[in-house]
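Participant: Sharing a structure with you now.
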Amino acid sequence: MTLVARPSRRPKMFWIAVWSLVIVSVAYAPIAMTAIWPYASPGAPSLGPDALASATSYDYVHTAIVDRTPVYDKNIPALLVHTIGGGLLMVLGPVQLLSAVRRRRRLHRIVGVVYAVTVFASMIGALIYLMTTPMDDVFSGPVFAIALTTILIGTVMSVTFALVSLAQGLVHMHFRWMALNYAFLMTAPGLRGERYLLKKFHPEASLAEVNMMAIMHQAGLVVVAALVASRMLDTRRTAPGVTGTWLPGPAFIGGGFFSLVAFVPMGVAFHSWGADGDRLFLYFAVPYLATAALMTWCILRTRAQGKSLAQEEWRIQLFLLCGVPGLALSLGFAFQSLLDLDPATALTSAVAVSWGVCAFGAFQLMGLRLWLGQRSVRQIRATEAAVAAPQQELVEAG
């Protein structure tokens, strides 16, 4: 069984995307690895803050770094494991991708084991930090603490599901989970890039405020990136046993109505918190609506092309996307009561979590479709073999 189609069949855009990812990942690796060094050894190089300070301003970065020192000093070993491991994953990820598309199976398996072990080790370091640090002491406060915890859980679960899918023989679902896993990891360089870009649009904003704006849509970028990567890796028009759709038109009508009913009060809630609330809602609403429009266009395009598998995958993603506003409102109330957060912090945290949760659910639903399809095909083949066996025995006896 080949992992994916031969490289020669890949379109030019695929290789542009692959090499762009390789360049960004490898360039970010030393930035990730050196992030905690200055706290462990004052004066040590820290490429990320230095580069950001030179691109924006010294005060923009320095204040945040000074504020972090007492907090990070308590968790230096765990943070070093997390950041050095994260930097290593930025290198291993492209190796995994290139070894897969170029069909280097042995290399892919070896690197895959190292990659999985590194993910677990790096996330354990992050977990120790988050469990031993009060939410108010995490950079940008409870919102960022909850968002980081969500990314941590998503990263660990996605690589776990990737391994389970591979054990079940669902190779294409394995690719999907790994795409989502690496997309979760890419939130780190994505966030640092936004710290530069958003500062240009909002020169008055602090680094903590920029972080708040970015996490309102970071999960959306993860969804789109992982889904596009999944479609590039799995170019099949159909899949065994996957026929029709689980989501007919009425389901989308209901999902769209549910999304609108929750979307409006969410906007009203953010507006009630003044200009800062309007700005946060804008950084959620525009990417959210753009993502919904993109998914709708992909559904129509793949249906016209007769690509039933891709169409079903886009439909599942869009349907779960409709649940983001409603889930955000529900989680907002839960965070407010259970974690004793103010309404603005609770809802902002809920938005950051809900997008990622719904995307993860969509990948699970797609995995279930592929698994059930594979299972039905195997059952049909087993039944046919059982029927054919006595007939074959009669022929041989005659």
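Ligands are numbered from 1 in the order shown, chains are lettered A, B, ... in the order of the structure tokens, and residues start at 1 in each chain.
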Find the residues near Leu320 (chain A): any atom within 9 Å, counting only C-alpha atoms, skip ones fewer than 3 places away on the same chain, and give them as a tab-separated table (two decimals) with N, CA and C atoms, in the first residue's frame.

Facilitator:
```tsv
chain	number	residue	atom	x	y	z
A	255	GLY	N	-28.47	24.15	11.02
A	255	GLY	CA	-27.18	24.60	11.53
A	255	GLY	C	-26.95	26.08	11.31
A	315	ARG	N	-18.56	19.47	3.79
A	315	ARG	CA	-19.89	19.59	4.40
A	315	ARG	C	-19.82	19.36	5.91
A	316	ILE	N	-19.07	18.35	6.31
A	316	ILE	CA	-18.93	18.06	7.74
A	316	ILE	C	-18.27	19.23	8.46
A	317	GLN	N	-17.23	19.77	7.86
A	317	GLN	CA	-16.52	20.89	8.48
A	317	GLN	C	-17.43	22.12	8.60
A	323	GLY	N	-21.70	25.41	14.63
A	323	GLY	CA	-21.89	25.26	16.06
A	323	GLY	C	-20.98	26.12	16.92
A	324	VAL	N	-20.03	26.81	16.30
A	324	VAL	CA	-19.05	27.58	17.08
A	324	VAL	C	-19.69	28.68	17.93
A	358	CYS	N	-14.91	22.43	17.76
A	358	CYS	CA	-15.77	22.06	16.64
A	358	CYS	C	-14.96	21.49	15.48
A	359	ALA	N	-13.80	22.04	15.23
A	359	ALA	CA	-12.94	21.50	14.18
A	359	ALA	C	-12.49	20.09	14.51
A	361	GLY	N	-14.05	18.01	16.38
A	361	GLY	CA	-15.22	17.16	16.21
A	361	GLY	C	-15.47	16.80	14.76
A	362	ALA	N	-15.22	17.76	13.86
A	362	ALA	CA	-15.40	17.49	12.43
A	362	ALA	C	-14.42	16.43	11.94
```

Participant: Going by DSSP on the backbone, which residues of region 28-241 of chain A come out as helix (DSSP H, G or I)? List them as a ChimeraX atom specification.

Facilitator: /A:28-33,37-40,47-55,58-101,105-132,135-137,142-167,171-185,187-201,207-215,218-233

Participant: Considering only C-alpha atoms, state which residue in the set A:Gln336, A:Thr243, A:Gln305, A:Gln311 is at the smallest distance from Leu372 (chain A).

Facilitator: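 The answer is A:Thr243, which sits nearest to Leu372 (chain A).
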
Participant: Kindly indicate which residue among A:Leu92, A:Ala292, A:Val242, A:Val143 lies nearest to Arg375 (chain A), using only C-alpha atoms for the distances.

Facilitator: A:Val242

Participant: Using only C-alpha atoms, which of the listed residues (A:Ala40, A:Met135, A:Ile153, A:Val18) sits closest to Leu339 (chain A)?

Facilitator: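 Comparing A:Ala40, A:Met135, A:Ile153, A:Val18 against Leu339 (chain A), the winner is A:Met135.
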
Participant: Please provide the set of residues having any atom within 6 Å of region 45-57 of chain A, restricted to only C-alpha atoms, with same-chain residues fewer than 2 positions apart removed, written as a PDB file with C-alpha atoms, in the first residue's frame.

Facilitator:
```pdb
ATOM      1  CA  ILE A  31      13.260  30.828  17.644  1.00  0.00           C
ATOM      2  CA  THR A  34      15.837  29.743  22.371  1.00  0.00           C
ATOM      3  CA  ALA A  35      12.602  31.212  23.778  1.00  0.00           C
ATOM      4  CA  ASP A  59       9.340  48.642  24.886  1.00  0.00           C
ATOM      5  CA  TYR A  60       6.685  46.526  23.147  1.00  0.00           C
ATOM      6  CA  VAL A  61       8.635  43.356  23.898  1.00  0.00           C
TER       7      VAL A  61
END
```

Participant: Counting only C-alpha atoms, which of A:Leu21, A:Ala147, A:Leu341, A:Leu282 gets nearest to Leu98 (chain A)?

Facilitator: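 Going through A:Leu21, A:Ala147, A:Leu341, A:Leu282 one by one, the smallest distance to Leu98 (chain A) is for A:Leu21.
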
Participant: Between CA of Val222 (chain A) and CA of Ala334 (chain A), what is the distance in Å, rounded to a tenth?

Facilitator: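 Distance between the two atoms: 24.5 Å.
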
Participant: To one decimal place in Å, what is the distance between CA of Leu300 (chain A) and CA of Ser230 (chain A)?

Facilitator: 18.1 Å

Participant: For Val286 (chain A), which residue out of A:Met216, A:Ala162, A:Val224, A:Leu338 is the nearest one, using only C-alpha atoms?

Facilitator: A:Met216

Participant: Can I get the residues of region 33-140 of chain A within 9 Å of region 167-187 of chain A, each with the closest pair of atoms and their distance in Å to one decimal, using only C-alpha atoms, sorted chain first then ascending number, as a Markdown table?

Facilitator:
```
| residue | atom | partner | partner_atom | distance |
| --- | --- | --- | --- | --- |
| A:Gly86 | CA | A:Leu185 | CA | 7.8 |
| A:Leu89 | CA | A:Leu185 | CA | 8.3 |
| A:Met90 | CA | A:Leu185 | CA | 8.1 |
| A:Gly93 | CA | A:Tyr182 | CA | 7.0 |
```

Participant: Could those selected residues go to a file with N, CA and C atoms, as a CSV table (one decimal), in the first residue's frame?

Facilitator:
```
chain,number,residue,atom,x,y,z
A,86,GLY,N,9.5,21.6,21.1
A,86,GLY,CA,8.7,22.3,20.1
A,86,GLY,C,9.5,22.7,18.9
A,89,LEU,N,10.2,19.7,16.8
A,89,LEU,CA,9.0,19.3,16.0
A,89,LEU,C,8.9,20.1,14.8
A,90,MET,N,9.4,21.4,14.8
A,90,MET,CA,9.3,22.2,13.6
A,90,MET,C,10.2,21.7,12.5
A,93,GLY,N,8.5,17.8,11.5
A,93,GLY,CA,7.3,17.9,10.8
A,93,GLY,C,7.5,17.9,9.3
```

Participant: Compare A:Ala121, A:Val71, A:Val101, A:Leu79 by their minimum atom-to-atom distance to Phe139 (chain A), counting only C-alpha atoms, and give me the closest one.

Facilitator: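 Among the listed residues, A:Val71 lies closest to Phe139 (chain A).
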
Participant: Which residues, written as a ChimeraX atom specification, have at least one atom at most 10 Å from Ser330 (chain A), with only C-alpha atoms counted and residues fewer than 6 positions away on the same chain left out?

Facilitator: /A:262,324,347,350,354

Participant: What gap, in Å, lies between CA of Tyr129 (chain A) and CA of Phe360 (chain A)?

Facilitator: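 So the two atoms, CA of Tyr129 (chain A) and CA of Phe360 (chain A), lie 24.1 Å apart.
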